[in-house]
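Notes to accompany the following structure.
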Amino acid sequence: MKPLAANGIIDCEMIYRHRYRDVFIITANTVMLAGLIFITRTTPLTRADWLPAFPFFLTLSVFTLTFGISLGSINMSLHPMVVIAAVLVMGLVPTSWMLLVGAWIHGFIRRWWSEPLRIPSPKTLFGLIRVTAVNSVMHTVSLIAAWHLMRVLGRELFFSTVNFAYLPSLALFSLIYFLYNYIFAAGYYVIEGKEILLVYLRKLPFITLYELPPVIFAVLAAVIFIELGPIYFSGFGLALVIISLITHSLEIMRQGLEQRVQELNSLQAVGQALNASLRLPELIPAIHDQVVKLMPVEAFYVALYDADADEVSFPFVIEDGHRANWAARRFGSGFTEYVLHSRRPLLAGQDDLNALRQELGIKQHGRQAACWLGAPMLAGEQALGVIAVQSYTEPGIYDETHKRVLMTIASQAALAIQNARLYDQTDMALAQRVQELDSILQTTNDGIMLLNPDCQALMINRAFLEFSGLEIDQADLRGETLLTPASSQDEETILSQIGFTPETMQAACDSLALGTERWHQKQITMSGPPERDVERTLVPVFGRDNEISGWLLVFRDVTEELELARTRTEMAHMLVHDLRSPLSVIMGGLDTSRGWLETGQVEGVVPMLEIAQNSGAHMLNLINDLLDIYKLERGEMPLQIEAVPLKSVLSDAKERFGPLLEKAGIMMVVDVASDLPPIPADWDKLSRLLCNLVDNAIKFTPDDGRIHLWAKNEPDGDKPNVLIGVSDTGQGIPADGFDKLFKMFCHDFAGKGRRRGTGLGLPFCKLVAEAHGGQIWAESAGVPGEGSTFFVRLPLQPEEEE
């Protein structure tokens with residue numbers, strides 16, 4: 001928005017957005033000029049000796065137009081006083097031509113001497129012509145309209161002599177002239193836009209107070225010129241010039257101070273805005289918001305330089321008032337890269353930009369700028385990026401003041417961006433660390449509860465909830481105080497689940513705080529489900545000052561450890577028992593044989609040696625089974641895969657146990673599907689698997705019972721299987737016996753059998769089935785007489801090696 005004279009003078013070029021405005025200006029000037037020529041030809045001169053006064057008033061008119069006082073975008077001056085004085089002395093026609101000529105002389109001065117005189121001026125010649133044309137039309141038309149309205153009212157407005165009777169007419173004329181002038185100015189601002197119209201209306205009272213009262217001196221000026229002559233009038237004009245210069249100088253000083261104060265306030269606001277956020281997505285738009293308050297911005301962007309990738313990115317770009325997206329690019333030869341490389345600001349118009357391109361080989365990116373201003377954001381020796389503003393239409397829109405302000409903003413922005421990057425790095429590292437710790441806490445198998453010094457829960461993990469069986473969210477438990485009397489059953493449940501009461505937990509914390517013990521550890525049982533044996537450990541958490549800052553409860557599931565310990569104890573007991581009996585038989589047989597040999601009773605030695613040999617073979621088989629299980633568990637026993645006909649294997653098993661079956665009166669039936677092909681398997685290990693299952697069935701089947709040994713196809717999509725079953729009519733397996741079926745040295749899962757086994761047969765079967773890529777399981781109703789069935793599923797195709 002351009003500065004405007006209070007009485008219609010446009011002090012700076014307006015921004016014309018529609019073509020019809022230019023058409024309006026041209027038409028108005030044409031009509032005004034034609035009307036002025038017509039008035040000149042038809043209206044007689046009021047005063048014949050107007051010519052000597054013309055240069056005096058023309059000079060004062062130009063001078064007061066040039067040196068006025070600015071109220072932001074509105075310019076005020078003493079020009080209306082000069083116009084009314086000229087009308088009183090010269091009449092309508094000479095004054096109208098004076099206004100027309102003075103407006104164009106004023107435009108000429110603004111074109112060539114605006115910088116030395118420190119007055120605003122349009123940036124282009126076409127803009128100057130438009131501004132001057134509008135000014136001349138407004139003043140001239142206002143004057144002619146006011147004059148003719150006075151004629152219609154029958155009022156005389158010419159001083160032939162000093163006559164104060166004309167003062168009422170002068171006052172009325174002045175009011176009409178000001179009214180027309182302000183109306184015409186407001187009408188133009190309506191065309192120009194609502195924003196500038198509102199500014200004009202807000203400042204109109206101040207304009208009136210400044211321009212209307214001095215009109216009284218117009219009478220004095222007219223009296224001096226008419227009664228005393230041009231020489232004395234020159235003194236009055238000189239006084240008017242001095243007053244105008246003084247007020248103009250004071251106004252320039254005021255504007256400078258006001259601008260500097262505004263800059264300092266704005267820069268302070270910039271600093272506050274930039275320090276208000278440590279995140280780049282919020283920080284960079286804040287830079288733009290502050291820059292637009294300090295300088296005109298047609299296009300704006302922030303460029304950031306990534307030294308590691310040698311790349312320039314544009315996170316924030318504004319063009320024509322809208323956000324734009326510019327792709328990142330490799331560090332090249334644009335003006336942005338030039339500022340980054342030189343580490344100095346650059347202010348250049350279109351001609352300077354073209355010269356730099358030719359001299360330095362700078363590449364043009366995007367639209368051609370008429371004026372470009374960029375400042376580097378420097379953090380020590382590191383160039384973080386560039387803040388740039390540019391105009392596509394006005395070559396000299398930016399000056400050294402703008403460069404100084406933008407450099408200050410760039411310095412503050414560099415510090416803010418560096419802090420934001422450090423914050424992002426720290427925040428990212430912290431977030432990553434927190435995520436790692438949370439992942440560890442949530443994936444560890446140990447239950448963890450972190451408490452503050454007052455025993456309020458700060459953090460719990462998934463394992464703790466699984467151990468405790470509490471059906472609550474982790475977030476709901478945080479902040480609960482475990483030592484205070486419970487307001488609900490939840491806290492009592494938590495304490496009871498972890499094996500504490502408020503008293504015992506307080507005692508444990510006091511003991512640790514006094515240093516009586518380094519940690520408090522106890523084995524408890526937690527209900528789960530499933531029920532678990534848990535080792536609970538309470539330790540203090542120390543801060544940097546070596547003071548207790550909290551408590552850490554760790555719950556380690558020791559169920560498997562205790563089970564393994566029990567298994568080791570049972571296994572040792574079983575081994576001792578199973579090896580002691582045959583060893584006792586061997587030792588007894590050997591002692592007896594030696595006694596007989598010493599006494600010469602040779603005939604009884606051979607049976608004793610046979611008994612000792614059978615006991616040794618039993619021991620050897622037991623040891624071999626243990627070694628085979630050990631090797632199968634570790635994959636150290638390779639399978640000798642071949643095509644095995646199942647009918648032969650099942651028939652061999654029946655034949656092997658034939659005497660034992662006959663002795664017990666047990667009938668065994670072998671049933672193999674006729675379409676069953678040979679299966680890929682290790683004949684020896686598969687045979688041992690089936691023999692173990694048959695032996696197990698014989699052991700638990702009563703006399704005159706029945707055993708069914710069968711095999712059939714089991715289609716399963718692309719991987720057909722064979723299903724082998726061993727069914728008996730024994731006492732069956734109880735519901736609580738299935739978990740022990742395939743564990744080593746377990747004998748009591750199905751009650752008392754025909755004889756005591758080693759507890760190694762079924763574990764061996766399980767390992768052999770799994771080594772072939774199959775499965776083994778048992779089904780039983782647990783009802784005596786209905787027995788049980790052991791199933792073995794094996795693939796009909798060999799497993800592919802990975």
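FYI, nothing fancy with the structure tokens labels: chains A, B, ... in order, residues from 1 per chain, ligands from 1 as they appear.
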
* If we count only C-alpha atoms, what is near region 689-701 of chain A at a cut-off of 6 Å, once residues fewer than 3 positions away on the same chain are taken out, given as a list in words? ->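 Listed by chain and then number, they are Ala653, Leu686, Gly705, Asp728, Thr729, Gly730, Gly753, Arg754, Gly761 and Cys765 of chain A.
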
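Neighbouring residues of Gly321 (chain A) at 9 Å or closer, counting only C-alpha atoms and skipping chain neighbours under 6 positions away, are Val297, Glu298 and Ala299 of chain A.
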
Take the residues that were just selected and, keeping N, CA, C and O atoms, output them as a compact mmCIF listing (two decimals), in the first residue's frame.
```txt
# COMPACT_ATOMS: atom_id res chain seq x y z
N VAL A 297 7.19 -8.21 1.22
CA VAL A 297 7.54 -9.57 0.84
C VAL A 297 6.59 -10.04 -0.25
O VAL A 297 5.40 -10.23 0.00
N GLU A 298 7.11 -10.19 -1.44
CA GLU A 298 6.34 -10.78 -2.53
C GLU A 298 6.63 -12.27 -2.63
O GLU A 298 5.75 -13.06 -2.96
N ALA A 299 7.88 -12.62 -2.37
CA ALA A 299 8.28 -14.03 -2.33
C ALA A 299 9.29 -14.19 -1.20
O ALA A 299 10.14 -13.32 -0.97
```

* Contacts of region 391-408 of chain A at 6 Å (only C-alpha atoms; same-chain gap of 2+ positions) as a PyMOL selection string -> chain A and resi 298+349+369-371+375+410-411

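As for CA of Leu245 (chain A) and CA of Ile69 (chain A), they are spaced 10.2 Å apart.
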
Excluding Met90 (chain A) and its own-chain neighbours fewer than 3 positions away, which residues fall within 6 Å of it when counting only C-alpha atoms? Please give them as a PDB file with all heavy atoms, in the first residue's frame.
```
ATOM      1  N   TRP A  50      -2.849  38.472 -13.430  1.00  0.00           N
ATOM      2  CA  TRP A  50      -2.570  37.205 -12.713  1.00  0.00           C
ATOM      3  C   TRP A  50      -1.184  36.644 -13.010  1.00  0.00           C
ATOM      4  O   TRP A  50      -0.631  35.860 -12.231  1.00  0.00           O
ATOM      5  CB  TRP A  50      -3.613  36.149 -13.092  1.00  0.00           C
ATOM      6  CG  TRP A  50      -3.599  35.809 -14.579  1.00  0.00           C
ATOM      7  CD1 TRP A  50      -4.308  36.419 -15.547  1.00  0.00           C
ATOM      8  CD2 TRP A  50      -2.807  34.798 -15.200  1.00  0.00           C
ATOM      9  NE1 TRP A  50      -4.038  35.878 -16.774  1.00  0.00           N
ATOM     10  CE2 TRP A  50      -3.095  34.842 -16.581  1.00  0.00           C
ATOM     11  CE3 TRP A  50      -1.871  33.870 -14.757  1.00  0.00           C
ATOM     12  CZ2 TRP A  50      -2.497  34.007 -17.505  1.00  0.00           C
ATOM     13  CZ3 TRP A  50      -1.292  33.034 -15.685  1.00  0.00           C
ATOM     14  CH2 TRP A  50      -1.593  33.093 -17.035  1.00  0.00           C
ATOM     15  N   ALA A  86      -4.084  31.035  -3.955  1.00  0.00           N
ATOM     16  CA  ALA A  86      -3.965  31.284  -5.398  1.00  0.00           C
ATOM     17  C   ALA A  86      -5.306  31.596  -6.015  1.00  0.00           C
ATOM     18  O   ALA A  86      -5.424  32.464  -6.899  1.00  0.00           O
ATOM     19  CB  ALA A  86      -3.344  30.065  -6.069  1.00  0.00           C
ATOM     20  N   VAL A  87      -6.370  30.962  -5.576  1.00  0.00           N
ATOM     21  CA  VAL A  87      -7.703  31.252  -6.100  1.00  0.00           C
ATOM     22  C   VAL A  87      -8.113  32.681  -5.749  1.00  0.00           C
ATOM     23  O   VAL A  87      -8.695  33.402  -6.575  1.00  0.00           O
ATOM     24  CB  VAL A  87      -8.718  30.236  -5.536  1.00  0.00           C
ATOM     25  CG1 VAL A  87     -10.140  30.667  -5.870  1.00  0.00           C
ATOM     26  CG2 VAL A  87      -8.451  28.862  -6.097  1.00  0.00           C
TER      27      VAL A  87
END
```

* **Spatial neighbours of Leu538 (chain A), 6 Å, only C-alpha atoms, chain gap at least 3 places, as a count of residues only** => 4

* To do: Would you list the contacts of Asp438 (chain A) as a VMD selection string, taking every protein, DNA or RNA residue within 12 Å and counting only C-alpha atoms, but skipping same-chain residues closer than 3 positions in sequence?
  => chain A and resid 430 to 435 441 to 444 448 459 to 462

Selection above as a file: N, CA, C and O atoms, as a CSV table (one decimal), in the first residue's frame:
```
chain,number,residue,atom,x,y,z
A,430,LEU,N,17.1,-39.5,22.9
A,430,LEU,CA,16.4,-39.9,24.1
A,430,LEU,C,15.2,-40.8,23.8
A,430,LEU,O,15.0,-41.8,24.5
A,431,ALA,N,14.5,-40.4,22.8
A,431,ALA,CA,13.3,-41.3,22.4
A,431,ALA,C,13.8,-42.7,22.0
A,431,ALA,O,13.1,-43.7,22.3
A,432,GLN,N,14.9,-42.7,21.3
A,432,GLN,CA,15.4,-44.0,20.9
A,432,GLN,C,15.9,-44.8,22.1
A,432,GLN,O,15.6,-46.0,22.2
A,433,ARG,N,16.5,-44.1,23.0
A,433,ARG,CA,16.9,-44.8,24.3
A,433,ARG,C,15.8,-45.3,25.1
A,433,ARG,O,15.7,-46.4,25.6
A,434,VAL,N,14.7,-44.4,25.2
A,434,VAL,CA,13.5,-44.8,25.9
A,434,VAL,C,12.8,-46.0,25.2
A,434,VAL,O,12.4,-46.9,25.9
A,435,GLN,N,12.8,-46.0,23.9
A,435,GLN,CA,12.2,-47.0,23.1
A,435,GLN,C,13.0,-48.3,23.3
A,435,GLN,O,12.4,-49.4,23.5
A,441,LEU,N,12.2,-53.9,28.5
A,441,LEU,CA,11.4,-54.1,29.6
A,441,LEU,C,10.1,-55.0,29.2
A,441,LEU,O,9.7,-55.8,30.0
A,442,GLN,N,9.6,-54.7,28.0
A,442,GLN,CA,8.4,-55.3,27.6
A,442,GLN,C,8.7,-56.7,27.0
A,442,GLN,O,7.7,-57.5,26.9
A,443,THR,N,9.9,-57.0,26.6
A,443,THR,CA,10.2,-58.3,26.0
A,443,THR,C,10.9,-59.2,26.9
A,443,THR,O,11.0,-60.4,26.7
A,444,THR,N,11.5,-58.7,28.0
A,444,THR,CA,12.2,-59.5,29.0
A,444,THR,C,11.2,-60.5,29.6
A,444,THR,O,10.0,-60.2,29.8
A,448,ILE,N,9.0,-56.8,36.1
A,448,ILE,CA,9.6,-55.7,36.7
A,448,ILE,C,8.6,-54.7,37.1
A,448,ILE,O,7.6,-54.4,36.4
A,459,MET,N,6.3,-47.8,36.9
A,459,MET,CA,6.4,-48.6,35.7
A,459,MET,C,6.3,-50.0,36.0
A,459,MET,O,6.9,-50.5,37.0
A,460,ILE,N,5.5,-50.7,35.2
A,460,ILE,CA,5.4,-52.2,35.3
A,460,ILE,C,5.5,-52.7,33.9
A,460,ILE,O,5.2,-52.0,32.9
A,461,ASN,N,5.9,-54.0,33.7
A,461,ASN,CA,6.0,-54.5,32.3
A,461,ASN,C,5.0,-55.7,32.2
A,461,ASN,O,4.3,-56.1,33.1
A,462,ARG,N,5.0,-56.1,30.9
A,462,ARG,CA,4.0,-57.2,30.6
A,462,ARG,C,4.2,-58.5,31.4
A,462,ARG,O,3.3,-59.1,31.8
```

Those of region 365-442 of chain A in DSSP helix (DSSP H, G or I), formatted as a PDB file with N, CA, C and O atoms, in the first residue's frame:
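The resulting file, selection35.pdb, is shown below:
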```pdb
ATOM      1  N   GLU A 400      19.525  -0.920   1.883  1.00  0.00           N
ATOM      2  CA  GLU A 400      20.485  -1.332   2.898  1.00  0.00           C
ATOM      3  C   GLU A 400      19.827  -1.538   4.263  1.00  0.00           C
ATOM      4  O   GLU A 400      20.276  -2.372   5.053  1.00  0.00           O
ATOM      5  N   THR A 401      18.787  -0.759   4.532  1.00  0.00           N
ATOM      6  CA  THR A 401      18.079  -0.955   5.803  1.00  0.00           C
ATOM      7  C   THR A 401      17.465  -2.339   5.873  1.00  0.00           C
ATOM      8  O   THR A 401      17.569  -3.037   6.882  1.00  0.00           O
ATOM      9  N   HIS A 402      16.835  -2.752   4.781  1.00  0.00           N
ATOM     10  CA  HIS A 402      16.258  -4.094   4.739  1.00  0.00           C
ATOM     11  C   HIS A 402      17.340  -5.161   4.873  1.00  0.00           C
ATOM     12  O   HIS A 402      17.138  -6.185   5.543  1.00  0.00           O
ATOM     13  N   LYS A 403      18.489  -4.907   4.243  1.00  0.00           N
ATOM     14  CA  LYS A 403      19.579  -5.892   4.339  1.00  0.00           C
ATOM     15  C   LYS A 403      20.061  -6.021   5.777  1.00  0.00           C
ATOM     16  O   LYS A 403      20.315  -7.131   6.270  1.00  0.00           O
ATOM     17  N   ARG A 404      20.189  -4.874   6.467  1.00  0.00           N
ATOM     18  CA  ARG A 404      20.651  -4.908   7.854  1.00  0.00           C
ATOM     19  C   ARG A 404      19.657  -5.659   8.735  1.00  0.00           C
ATOM     20  O   ARG A 404      20.032  -6.471   9.583  1.00  0.00           O
ATOM     21  N   VAL A 405      18.365  -5.395   8.517  1.00  0.00           N
ATOM     22  CA  VAL A 405      17.336  -6.054   9.325  1.00  0.00           C
ATOM     23  C   VAL A 405      17.330  -7.554   9.053  1.00  0.00           C
ATOM     24  O   VAL A 405      17.256  -8.381   9.976  1.00  0.00           O
ATOM     25  N   LEU A 406      17.421  -7.926   7.776  1.00  0.00           N
ATOM     26  CA  LEU A 406      17.387  -9.351   7.436  1.00  0.00           C
ATOM     27  C   LEU A 406      18.611 -10.080   7.979  1.00  0.00           C
ATOM     28  O   LEU A 406      18.518 -11.240   8.400  1.00  0.00           O
ATOM     29  N   MET A 407      19.764  -9.409   8.014  1.00  0.00           N
ATOM     30  CA  MET A 407      20.960 -10.031   8.593  1.00  0.00           C
ATOM     31  C   MET A 407      20.760 -10.284  10.088  1.00  0.00           C
ATOM     32  O   MET A 407      21.166 -11.331  10.616  1.00  0.00           O
ATOM     33  N   THR A 408      20.143  -9.319  10.775  1.00  0.00           N
ATOM     34  CA  THR A 408      19.889  -9.501  12.202  1.00  0.00           C
ATOM     35  C   THR A 408      18.938 -10.669  12.429  1.00  0.00           C
ATOM     36  O   THR A 408      19.153 -11.507  13.318  1.00  0.00           O
ATOM     37  N   ILE A 409      17.884 -10.733  11.619  1.00  0.00           N
ATOM     38  CA  ILE A 409      16.945 -11.854  11.746  1.00  0.00           C
ATOM     39  C   ILE A 409      17.634 -13.171  11.439  1.00  0.00           C
ATOM     40  O   ILE A 409      17.419 -14.187  12.118  1.00  0.00           O
ATOM     41  N   ALA A 410      18.491 -13.169  10.406  1.00  0.00           N
ATOM     42  CA  ALA A 410      19.196 -14.404  10.037  1.00  0.00           C
ATOM     43  C   ALA A 410      20.109 -14.870  11.165  1.00  0.00           C
ATOM     44  O   ALA A 410      20.236 -16.071  11.411  1.00  0.00           O
ATOM     45  N   SER A 411      20.745 -13.932  11.862  1.00  0.00           N
ATOM     46  CA  SER A 411      21.613 -14.306  12.981  1.00  0.00           C
ATOM     47  C   SER A 411      20.798 -14.951  14.101  1.00  0.00           C
ATOM     48  O   SER A 411      21.197 -15.976  14.668  1.00  0.00           O
ATOM     49  N   GLN A 412      19.657 -14.343  14.413  1.00  0.00           N
ATOM     50  CA  GLN A 412      18.807 -14.929  15.448  1.00  0.00           C
ATOM     51  C   GLN A 412      18.238 -16.272  14.997  1.00  0.00           C
ATOM     52  O   GLN A 412      18.163 -17.227  15.783  1.00  0.00           O
ATOM     53  N   ALA A 413      17.862 -16.357  13.725  1.00  0.00           N
ATOM     54  CA  ALA A 413      17.302 -17.608  13.214  1.00  0.00           C
ATOM     55  C   ALA A 413      18.345 -18.719  13.225  1.00  0.00           C
ATOM     56  O   ALA A 413      18.027 -19.876  13.497  1.00  0.00           O
ATOM     57  N   ALA A 414      19.611 -18.367  12.926  1.00  0.00           N
ATOM     58  CA  ALA A 414      20.667 -19.383  12.931  1.00  0.00           C
ATOM     59  C   ALA A 414      20.821 -20.001  14.305  1.00  0.00           C
ATOM     60  O   ALA A 414      20.935 -21.223  14.451  1.00  0.00           O
ATOM     61  N   LEU A 415      20.821 -19.146  15.324  1.00  0.00           N
ATOM     62  CA  LEU A 415      20.940 -19.659  16.689  1.00  0.00           C
ATOM     63  C   LEU A 415      19.738 -20.523  17.049  1.00  0.00           C
ATOM     64  O   LEU A 415      19.889 -21.599  17.654  1.00  0.00           O
ATOM     65  N   ALA A 416      18.541 -20.063  16.661  1.00  0.00           N
ATOM     66  CA  ALA A 416      17.337 -20.839  16.972  1.00  0.00           C
ATOM     67  C   ALA A 416      17.329 -22.179  16.234  1.00  0.00           C
ATOM     68  O   ALA A 416      16.963 -23.211  16.802  1.00  0.00           O
ATOM     69  N   ILE A 417      17.739 -22.173  14.959  1.00  0.00           N
ATOM     70  CA  ILE A 417      17.770 -23.420  14.184  1.00  0.00           C
ATOM     71  C   ILE A 417      18.811 -24.378  14.740  1.00  0.00           C
ATOM     72  O   ILE A 417      18.584 -25.594  14.833  1.00  0.00           O
ATOM     73  N   GLN A 418      19.965 -23.835  15.133  1.00  0.00           N
ATOM     74  CA  GLN A 418      20.984 -24.700  15.721  1.00  0.00           C
ATOM     75  C   GLN A 418      20.477 -25.329  17.019  1.00  0.00           C
ATOM     76  O   GLN A 418      20.661 -26.533  17.253  1.00  0.00           O
ATOM     77  N   ASN A 419      19.821 -24.518  17.846  1.00  0.00           N
ATOM     78  CA  ASN A 419      19.248 -25.061  19.079  1.00  0.00           C
ATOM     79  C   ASN A 419      18.174 -26.103  18.773  1.00  0.00           C
ATOM     80  O   ASN A 419      18.072 -27.128  19.459  1.00  0.00           O
ATOM     81  N   ALA A 420      17.365 -25.820  17.741  1.00  0.00           N
ATOM     82  CA  ALA A 420      16.309 -26.770  17.378  1.00  0.00           C
ATOM     83  C   ALA A 420      16.908 -28.085  16.894  1.00  0.00           C
ATOM     84  O   ALA A 420      16.410 -29.172  17.218  1.00  0.00           O
ATOM     85  N   ARG A 421      17.980 -28.000  16.114  1.00  0.00           N
ATOM     86  CA  ARG A 421      18.616 -29.227  15.633  1.00  0.00           C
ATOM     87  C   ARG A 421      19.233 -30.010  16.789  1.00  0.00           C
ATOM     88  O   ARG A 421      19.115 -31.244  16.851  1.00  0.00           O
ATOM     89  N   LEU A 422      19.892 -29.301  17.698  1.00  0.00           N
ATOM     90  CA  LEU A 422      20.449 -29.979  18.867  1.00  0.00           C
ATOM     91  C   LEU A 422      19.338 -30.611  19.695  1.00  0.00           C
ATOM     92  O   LEU A 422      19.488 -31.729  20.206  1.00  0.00           O
ATOM     93  N   TYR A 423      18.222 -29.882  19.819  1.00  0.00           N
ATOM     94  CA  TYR A 423      17.090 -30.424  20.568  1.00  0.00           C
ATOM     95  C   TYR A 423      16.535 -31.661  19.879  1.00  0.00           C
ATOM     96  O   TYR A 423      16.232 -32.666  20.538  1.00  0.00           O
ATOM     97  N   ASP A 424      16.405 -31.593  18.537  1.00  0.00           N
ATOM     98  CA  ASP A 424      15.900 -32.749  17.801  1.00  0.00           C
ATOM     99  C   ASP A 424      16.825 -33.949  17.959  1.00  0.00           C
ATOM    100  O   ASP A 424      16.371 -35.089  18.121  1.00  0.00           O
ATOM    101  N   GLN A 425      18.147 -33.691  17.871  1.00  0.00           N
ATOM    102  CA  GLN A 425      19.099 -34.785  18.032  1.00  0.00           C
ATOM    103  C   GLN A 425      19.004 -35.391  19.422  1.00  0.00           C
ATOM    104  O   GLN A 425      18.976 -36.612  19.599  1.00  0.00           O
ATOM    105  N   THR A 426      18.954 -34.504  20.440  1.00  0.00           N
ATOM    106  CA  THR A 426      18.842 -34.997  21.811  1.00  0.00           C
ATOM    107  C   THR A 426      17.518 -35.712  22.019  1.00  0.00           C
ATOM    108  O   THR A 426      17.465 -36.788  22.639  1.00  0.00           O
ATOM    109  N   ASP A 427      16.449 -35.112  21.494  1.00  0.00           N
ATOM    110  CA  ASP A 427      15.129 -35.713  21.643  1.00  0.00           C
ATOM    111  C   ASP A 427      15.065 -37.060  20.931  1.00  0.00           C
ATOM    112  O   ASP A 427      14.489 -38.028  21.451  1.00  0.00           O
ATOM    113  N   MET A 428      15.675 -37.128  19.743  1.00  0.00           N
ATOM    114  CA  MET A 428      15.675 -38.380  19.001  1.00  0.00           C
ATOM    115  C   MET A 428      16.477 -39.455  19.733  1.00  0.00           C
ATOM    116  O   MET A 428      16.051 -40.610  19.854  1.00  0.00           O
ATOM    117  N   ALA A 429      17.667 -39.047  20.242  1.00  0.00           N
ATOM    118  CA  ALA A 429      18.491 -40.003  20.974  1.00  0.00           C
ATOM    119  C   ALA A 429      17.780 -40.466  22.238  1.00  0.00           C
ATOM    120  O   ALA A 429      17.802 -41.656  22.581  1.00  0.00           O
ATOM    121  N   LEU A 430      17.140 -39.508  22.932  1.00  0.00           N
ATOM    122  CA  LEU A 430      16.419 -39.864  24.148  1.00  0.00           C
ATOM    123  C   LEU A 430      15.240 -40.770  23.831  1.00  0.00           C
ATOM    124  O   LEU A 430      14.994 -41.769  24.529  1.00  0.00           O
ATOM    125  N   ALA A 431      14.490 -40.431  22.769  1.00  0.00           N
ATOM    126  CA  ALA A 431      13.345 -41.256  22.389  1.00  0.00           C
ATOM    127  C   ALA A 431      13.792 -42.660  21.992  1.00  0.00           C
ATOM    128  O   ALA A 431      13.144 -43.656  22.335  1.00  0.00           O
ATOM    129  N   GLN A 432      14.921 -42.719  21.262  1.00  0.00           N
ATOM    130  CA  GLN A 432      15.443 -44.022  20.873  1.00  0.00           C
ATOM    131  C   GLN A 432      15.865 -44.828  22.093  1.00  0.00           C
ATOM    132  O   GLN A 432      15.601 -46.036  22.185  1.00  0.00           O
ATOM    133  N   ARG A 433      16.512 -44.128  23.045  1.00  0.00           N
ATOM    134  CA  ARG A 433      16.942 -44.814  24.251  1.00  0.00           C
ATOM    135  C   ARG A 433      15.750 -45.291  25.068  1.00  0.00           C
ATOM    136  O   ARG A 433      15.739 -46.422  25.570  1.00  0.00           O
ATOM    137  N   VAL A 434      14.735 -44.430  25.173  1.00  0.00           N
ATOM    138  CA  VAL A 434      13.528 -44.821  25.903  1.00  0.00           C
ATOM    139  C   VAL A 434      12.842 -45.993  25.218  1.00  0.00           C
ATOM    140  O   VAL A 434      12.377 -46.934  25.874  1.00  0.00           O
ATOM    141  N   GLN A 435      12.814 -45.951  23.880  1.00  0.00           N
ATOM    142  CA  GLN A 435      12.188 -47.046  23.145  1.00  0.00           C
ATOM    143  C   GLN A 435      12.962 -48.343  23.341  1.00  0.00           C
ATOM    144  O   GLN A 435      12.369 -49.421  23.494  1.00  0.00           O
ATOM    145  N   GLU A 436      14.295 -48.231  23.330  1.00  0.00           N
ATOM    146  CA  GLU A 436      15.107 -49.428  23.553  1.00  0.00           C
ATOM    147  C   GLU A 436      14.851 -50.001  24.946  1.00  0.00           C
ATOM    148  O   GLU A 436      14.668 -51.214  25.104  1.00  0.00           O
ATOM    149  N   LEU A 437      14.849 -49.105  25.954  1.00  0.00           N
ATOM    150  CA  LEU A 437      14.603 -49.578  27.315  1.00  0.00           C
ATOM    151  C   LEU A 437      13.207 -50.168  27.450  1.00  0.00           C
ATOM    152  O   LEU A 437      13.021 -51.204  28.105  1.00  0.00           O
ATOM    153  N   ASP A 438      12.226 -49.502  26.833  1.00  0.00           N
ATOM    154  CA  ASP A 438      10.856 -50.014  26.903  1.00  0.00           C
ATOM    155  C   ASP A 438      10.746 -51.366  26.203  1.00  0.00           C
ATOM    156  O   ASP A 438      10.053 -52.263  26.686  1.00  0.00           O
ATOM    157  N   SER A 439      11.448 -51.497  25.051  1.00  0.00           N
ATOM    158  CA  SER A 439      11.428 -52.776  24.344  1.00  0.00           C
ATOM    159  C   SER A 439      12.049 -53.870  25.203  1.00  0.00           C
ATOM    160  O   SER A 439      11.535 -55.001  25.271  1.00  0.00           O
ATOM    161  N   ILE A 440      13.154 -53.527  25.870  1.00  0.00           N
ATOM    162  CA  ILE A 440      13.793 -54.513  26.741  1.00  0.00           C
ATOM    163  C   ILE A 440      12.862 -54.900  27.878  1.00  0.00           C
ATOM    164  O   ILE A 440      12.689 -56.085  28.198  1.00  0.00           O
ATOM    165  N   LEU A 441      12.241 -53.870  28.491  1.00  0.00           N
ATOM    166  CA  LEU A 441      11.359 -54.146  29.621  1.00  0.00           C
ATOM    167  C   LEU A 441      10.140 -54.968  29.211  1.00  0.00           C
ATOM    168  O   LEU A 441       9.683 -55.838  29.958  1.00  0.00           O
ATOM    169  N   GLN A 442       9.612 -54.667  28.015  1.00  0.00           N
ATOM    170  CA  GLN A 442       8.396 -55.347  27.589  1.00  0.00           C
ATOM    171  C   GLN A 442       8.664 -56.733  27.011  1.00  0.00           C
ATOM    172  O   GLN A 442       7.747 -57.549  26.928  1.00  0.00           O
TER     173      GLN A 442
END
```

* To do: For CA of Leu60 (chain A) and CA of Ser77 (chain A), quote the distance in Å rounded to one decimal.
  =>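 Separating CA of Leu60 (chain A) from CA of Ser77 (chain A) is a distance of 11.4 Å.
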
* Asked: Pick the closest to Leu760 (chain A) from A:Thr247, A:Ser142, A:Asn624, A:Thr208: which is it, counting only C-alpha atoms?
  ->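 Of A:Thr247, A:Ser142, A:Asn624, A:Thr208, the one nearest Leu760 (chain A), counting only C-alpha atoms, is A:Asn624.
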